[in-house]
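A short worksheet on the structure shown next.
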Amino acid sequence: VENNPYLSCLSALWSLNGTLIDLGGDYRRHMSGGNLIINRLDRDQDTGIYQCTAFNTWGSVLSRRGSLQFAYLDNFKAQTTRSAVNVREGQGVVLLCGPPMHSGELIFAWIFNEYPHFVQQDSRRFISQETGSLYIAKVEPSDVGNYTCVVNNSITKGKVLSSPTPLVLRNDGAMGEYEPKIEVHFPETVPAAKGSTVKLECFALGNPVPEISWRRTSGVPFPSKVKMKNSNAVLEISNFQQEDTGTYECMAENSRGKNAARGRISFHAKPHWLQTMIDGALSIEENLFWECKANGKPKPSYSWLKNGNNLITEGRVQIENGALSIAALNLSDAGMYQCVAENKHGIIYSSAELMVLASPPSFSKNPLKALLKARSGTEVALECKPQASPRAISLWKKGNDILQRNERISLYPNGTLKIANVTRRDAGSYTCIAKNQFGTASTTGKLLITEPTRITQRPTNMEIIVGESIVLPCQITSDPALDVSFSWAFNGQLIDFHGDIDHFDRVGGSVTGDLMIRNIQLNHGGKYVCVINTDVETLSASAILVVKGPPGPPDAVAVEEITDSTAQLSWSPGRDNGSPITGYIIQARTPFTVGWQAVDTVPEVINGNTLTATVVGLNAWVEYEFRVVARNGVGVGEPSPASAKTRTEDAMPDTAPTDVGGGGGTKSELVITWEPVPEELQNGEGFGYIIAFRPLGAVTWTRAVISTPGVAQYIFRNDTIPPFSPFHVKVGAYNNRGEGPFSSIATVFSAEEVPSEAPKSVWGRSVSAAQIEVIWAAFPATPERVLGYEVVYWEDDTKPDTVGKVRISGNYSAVNVTGLKANTQYYLAVCAFNTAGTGPQSTPINATTKKPPPSQPPLNVEWTLIGSLLTLHWDPVAAMETEAEVIGYLVLLRRHRYNDINNIVTNKTTMELTLSPDDNYLIQIKALSEGGEGVGSEPIHIQKLSMGARGSGASRFSPWSLTHFPAVLIGALVVLSPSW
C-alpha cells in the first residue's frame, strides 16, 4: 500500500471495522472535502474495512465498503540449520518450505546447493505454489545436496531465503518400485469467480516416475482455453464460466499402478443488481412499496437501511427479502433508503430518496383552459388535476350553481367532469374547487359550443396521364369561432409541402384546402386524404388518383433459338401503368453498333398480347444482346434488361470487299488495295481474302489468298511485269464455311519506273531577301511518266542534312523557293518524280538572297485632307549597310466598304490621293527595296468625311504618342491608331 491512501466521500463520517473514526485528536488522519487522508500508515492501526456515511439535510447513505490491507513478508525464524532428510535412492521425498508470516501473494522457488542454481521443474520435480514445498517423485544420486526455499512477495517484491535443508542418500540399499502416491492435490471444493483464472495442482511420488493426466468426470472434453503446465502437474482454466463447473479428476499412473484425486470446482459470483428502486415522492398517508432484486452465486441475502441505520419489520414497516413496504406514510418516513444485497463474495448498495409530501391544493401547473371549444352533440370532458398532498376532494360549479350528477353529467372520483350530448345551453363558465386538510384552491374555464363543420366540396376519384397537373378540391363551411387547418395524406403518409415543392402545393385560404399536384409521376398514383382539423373535431375526405403512363419495362427476355440470321425471343410483360399495352418493339446491340438499334421482326408488328417474336436480318457469327420496349396509349416505356449475350451461327461470307483499286509501288510490282470487310460481316472464323488478277485482255485469272482479315493490300512481284501496264483485278472473301462473292472488276496499273533523266538548263535568281526563283527546261517526251518536279536546296554544300524541299505537280518549269534567310548563299538542284519516286538530280546551282529590307519605317508622316484630296508627306528612309537600298515606297490604301487594298508604288516621299467621302480608309506607308518591303509606318484611320483635316504620326518603333492631334478639324473625324 502507498504511504498516503486517499479515500473519497462527500460530507461524511468514516468508520473502520464498524467503529466510527474520531478525527478530533488524530494527528495522522483527517478529512478534506469528504475524503479521508491517512498519513504515515501503520499496519496494526490502519488495516481493516472502511465505510463512509454521506449525509445532507435530506438524509444519509452508506458507501460501499473498502478494504485496506498491507502486503508484507517476514523473515524465516532464525535457525542455524535445518535437519537433514535421509532417503533411499528411488524413494520419493517432500522438502517443506514453511513460509514465514506474510500478506499478499507469494511466489516460491528452490535453490540447489548455491545461488543461482535453481531447481528446474520437470515430470520428476515439482514446486507447489500453494504450499511452497518441493516434491521429488523419485530421488536419484544427483539430487544429493542442500536445498534452500526462496519466497517472493509479488506485491512488495521482497524476498527471503530459508536455511538450507540437506538431502542425504541412505546406504541401506535402493528403494524398489511402488505405485504412485499423490502428495499434492486440490481441495474437494474449489470456489471460482466468473472470469477468473483457476489453477489446480496435482503431483505424485512413485517409482517409476508417475505420469499425470486430467479429465472431467462428466466426460465433457476440455475446451481449448484449458492448458496443462509443468508436465501436467498444473491444470489452468482461464476466463472461468458457469459451464466450467464440475468435478475434475487428476490421475497419477506408472507401471506399478495408479491413483486418483478428485475435487469439484464451484461457480461463485459477487452480487449484481437486476432491479433497483428509484427516488419517490408520495403524499402523506399513501403507501410505499419498493423492491430490489440482485443475482449472485450463492444467492444474495437482503437488508434495508434508512439514513444508514438498519430497518427491521415493525408495525407499518414490513420487510421481506428485497421488498420494503411502509403503510400510511408520515413526514418522519422521509429520508434516504438503501437496499443491501450480500453474499460471502461481496456486498452491493442501491440508494433512493423518499420524499413525503404534505401540501394544500394548487392549480398552478394544471389549470383549466381559459377557453374550451366543443362541437354541439359531442361529449365534453373537463379534467380537474390539482397538485395536493394528500389528494384533494373536488366539486364542480357552473357559474354559481353546484353541479350534480344526472343523465348527461358524470362526476368521477379523479375529479373529471363529463357532459354528454352538449348543446349551446351548456356553454358558460365552469369552476373546479379542490380541498384537503391543508387548504382549498379553484380553477375556472369557459366552455364554448360550436356548430359542426361540413365539407362542401370533396376530392373525387380521377385518372390522369403522367406529366399532367391537377387540383384536388377540399372545401368546407365552419363555425366562425373555430380555428381551421388543412393537411393532406398520400398513401397513409402526411405530405411534406416544404420537402416536395416540385410536385405538391396548397391552394386556397382559410376555408379552402385544395391540393395542386404538378408534373404527376407514376408514383403519385394512390389514395389522397384531405384532413380538416378544427378546435373541436377532425374530418377527412379521400379520393383515388389513378396515374396512367407508358408501360413499365418488360422482363425475362430470353433467346429461345438462334440461327445465322434469325433469333427466336420470348419475354414477360411489365406493368401496363393504367393503360393496356398495345405493342412491343425489339432492339439489338452488338460490339459493332453504337448503342441500341431497332431490328426487323416476324411478325413485323408485335401486338400487346404477343410475348414471342423472331428477329430477322441478323449478321452471322456476331454476338447479340436483345431488349424489348413496350408501348401503350400513353407512350413508349422504359426498355427491359438486356438478354444474355448470344452469338449467331456462322455462314459463308455474303459481303464482298469494296473500293478495290491499287497502283504505285516499285519496279515489277502490282499493288492491289481494297476496303476490308468489317468484322461483323465476316460471318465466321477463318476469314480471309482471295485476290484475282489478270493482264488486260487475258482470259486466265491468277489467284492469291490472304488469311489475315485486317489486311487491305496485296503486292504481286514479278520481273516480267511491264511498267505501268493495266490489269483487271477483283477481290473476294472466304471463311471456314466456304467462299463468298467477289467484288466488281477494277483496272489497276502496275508500278512505273522513276524518271531516268535529270532536268536540264537549271538556273536561279534571287527575288528578294527570302525568295529564290529556280527555272529549268521542260522535258521532251520520256519513256517514263513525269508527274511533277522537286527542288531541293541547302546552305552548306558540305552538310547535305540541311536540305529543304519544294515539290510542284504538273508540267511546270519554274518555282519560287520561299522562307529563306536574307543575304545567304543557297545550293539548289531539280529532279522529276512520279509514283515510283524521284529521278536523278540536276547539277546543283547556287544563288544568294538579297539583303533584308530596311527595318526603319517611314517617319514623320504628315497628311492634309481638303475635301476629298488627301496629301501625304514623309521623311525618306535610309537603309543601314546590312540592309538593301531603298528603291521606292509602297502606299497601302484599304477601303472598308469594299474590303480591298490598293498598293501604290512611288519613288517620291509625297503623294496625293483622291478619297470617297462615303467610305472609311486605313493608310500605311512602307519602304521598298530589292530585299522586299520594309516595316510599315503607323497606320492612319480616316472615317467618313465631308470637309477637311490634317494630322501627323510617329513610327511604331518610337514611344507611342501623337506629336499633334489634328490641327484643323472641320466637319470630319480622324482616328490615329497605334496598331495596324
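Labeling convention for the C-alpha cells: chains A, B, ... as they appear, residues from 1 per chain, ligands from 1 in order of appearance.
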
Please produce, as CSV, a per-residue contact table for segment 832-948 of chain A versus segment 741-763 of chain A (criterion: any atom at most 9 Å away, only C-alpha atoms considered), showing the nearest atom pair and its distance in Å to one decimal, sorted by chain then residue number.
residue,atom,partner,partner_atom,distance
A:Ala832,CA,A:Pro755,CA,6.2
A:Phe833,CA,A:Pro755,CA,6.3
A:Asn834,CA,A:Val754,CA,6.3
A:Thr835,CA,A:Glu752,CA,6.9
A:Ala836,CA,A:Val754,CA,5.0
A:Gly837,CA,A:Val754,CA,5.4
A:Thr838,CA,A:Val754,CA,5.9
A:Gly839,CA,A:Pro755,CA,4.7
A:Pro840,CA,A:Ala758,CA,5.1
A:Gln841,CA,A:Ala758,CA,5.4
A:Ser842,CA,A:Ala758,CA,5.1
A:Thr843,CA,A:Val762,CA,7.9
A:Pro844,CA,A:Val762,CA,8.3
A:Ile845,CA,A:Trp763,CA,6.5
A:Asn846,CA,A:Trp763,CA,8.2
A:Ala847,CA,A:Trp763,CA,8.8

Quick one: everything within 7 Å of segment 58-63 of chain A, counting only C-alpha atoms, minus sequence neighbours fewer than 2 positions away in the same chain. Send it as a ChimeraX atom specification.
/A:51-56,65,307-308,335-336,338

Output C-alpha atoms for every residue in that selection, as a compact mmCIF listing (two decimals), in the first residue's frame.
# COMPACT_ATOMS: atom_id res chain seq x y z
CA GLN A 51 -17.02 2.72 5.08
CA CYS A 52 -18.25 6.27 4.53
CA THR A 53 -21.60 7.66 5.67
CA ALA A 54 -22.61 10.59 3.44
CA PHE A 55 -25.34 12.92 4.67
CA ASN A 56 -27.18 16.17 3.99
CA ARG A 65 -17.05 -0.95 1.76
CA ASN A 307 -30.31 7.07 6.72
CA GLY A 308 -27.53 4.49 7.25
CA GLY A 335 -35.17 10.17 4.09
CA MET A 336 -32.55 8.17 2.25
CA GLN A 338 -30.71 1.75 0.84

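Interatomic distance, atom CA of Tyr826 of chain A against atom CA of Val791 of chain A: 12.0 Å.
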
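Atom CA of Asp143 of chain A is positioned 28.2 Å from atom CA of Trp214 of chain A.
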
With a distance cut-off of 8 Å and only C-alpha atoms, select the neighbouring residues of Pro386 of chain A, excluding the residue or stretch itself and same-chain residues fewer than 3 positions from it, and output the selection as a count of residues only.
8

If we count only C-alpha atoms, what is near Pro100 of chain A at a cut-off of 10 Å, once residues fewer than 3 positions away on the same chain are taken out, given as a PDB file with N, CA and C atoms, in the first residue's frame?
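Result written to around_3.pdb:
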ATOM      1  N   LEU A  73       6.168  -9.386   4.127  1.00  0.00           N
ATOM      2  CA  LEU A  73       6.790 -10.714   4.167  1.00  0.00           C
ATOM      3  C   LEU A  73       7.869 -10.684   5.252  1.00  0.00           C
ATOM      4  N   ASP A  74       7.612 -11.474   6.356  1.00  0.00           N
ATOM      5  CA  ASP A  74       8.584 -11.542   7.451  1.00  0.00           C
ATOM      6  C   ASP A  74       9.722 -12.491   7.083  1.00  0.00           C
ATOM      7  N   ASN A  75      10.774 -12.410   7.838  1.00  0.00           N
ATOM      8  CA  ASN A  75      11.899 -13.325   7.647  1.00  0.00           C
ATOM      9  C   ASN A  75      11.588 -14.688   8.263  1.00  0.00           C
ATOM     10  N   PHE A  76      12.298 -15.694   7.741  1.00  0.00           N
ATOM     11  CA  PHE A  76      12.211 -17.002   8.385  1.00  0.00           C
ATOM     12  C   PHE A  76      12.737 -16.895   9.815  1.00  0.00           C
ATOM     13  N   LYS A  77      12.208 -17.730  10.687  1.00  0.00           N
ATOM     14  CA  LYS A  77      12.692 -17.736  12.060  1.00  0.00           C
ATOM     15  C   LYS A  77      14.183 -18.060  12.074  1.00  0.00           C
ATOM     16  N   CYS A  97       8.793 -26.024   2.859  1.00  0.00           N
ATOM     17  CA  CYS A  97       9.318 -24.649   2.863  1.00  0.00           C
ATOM     18  C   CYS A  97       8.954 -23.953   4.152  1.00  0.00           C
ATOM     19  N   SER A 103       1.560 -11.225   4.044  1.00  0.00           N
ATOM     20  CA  SER A 103       0.276 -10.820   3.445  1.00  0.00           C
ATOM     21  C   SER A 103       0.555 -10.464   1.992  1.00  0.00           C
ATOM     22  N   VAL A 151      11.312 -17.346  -1.076  1.00  0.00           N
ATOM     23  CA  VAL A 151       9.939 -16.842  -1.048  1.00  0.00           C
ATOM     24  C   VAL A 151       9.953 -15.391  -1.533  1.00  0.00           C
ATOM     25  N   VAL A 160      12.827 -13.534   0.784  1.00  0.00           N
ATOM     26  CA  VAL A 160      13.525 -14.113   1.931  1.00  0.00           C
ATOM     27  C   VAL A 160      13.927 -15.543   1.601  1.00  0.00           C
ATOM     28  N   SER A 162      15.128 -19.404   3.185  1.00  0.00           N
ATOM     29  CA  SER A 162      15.166 -20.280   4.357  1.00  0.00           C
ATOM     30  C   SER A 162      16.581 -20.777   4.589  1.00  0.00           C
TER      31      SER A 162
END

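In this comparison, which uses only C-alpha atoms, the residue of A:Val531, A:Phe716, A:Ile49, A:Phe497 approaching Gly513 of chain A most closely is A:Val531.
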
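Nearest residue to Leu354 of chain A among A:Pro116, A:Gly158, A:Pro653, A:Gly280 is A:Gly280, counting only C-alpha atoms.
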
Can you tell me, as a tab-separated table (two decimals) with C-alpha atoms, in the first residue's frame, what residues are no more than 6 Å from Ala712 of chain A when counting only C-alpha atoms, ignoring any on the same chain fewer than 4 positions away?
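Generated output (out39.tsv):
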chain	number	residue	atom	x	y	z
A	673	THR	CA	-5.81	-2.48	-102.39
A	674	TRP	CA	-9.36	-2.80	-101.04
A	676	PRO	CA	-11.51	-4.65	-95.55

When DSSP works through the backbone of this structure, what residues of segment 314-520 of chain A end up as strand (DSSP E or B), shown as a ChimeraX atom specification?
/A:314,317-320,323-326,335-343,346-357,359-362,371-375,380-382,387-389,393-398,401-402,409-411,417-419,428-436,439-450,454-457,462-465,470-472,475-477,485-490,493-494,504-507,512,514-517

As a check of understanding: the span from atom CA of Gly525 of chain A to atom CA of Lys548 of chain A is 8.5 Å

Spatial neighbours of segment 811-824 of chain A, max dist 10 Å, only C-alpha atoms, sep filter under 4 positions, as a ChimeraX atom specification:
/A:759,762-779,786-793,795,804-807,828,847-853,882-884,931

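Residues with any atom within 10 Å of Val220 of chain A, counting only C-alpha atoms and excluding same-chain neighbours fewer than 5 positions away, are A:Arg215, A:Asp244, A:Gly246.
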
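Here the question is which of A:Leu331, A:Ala481, A:Ala651, A:Ile237 gets nearest to Pro223 of chain A using only C-alpha atoms, and that residue is A:Ile237.
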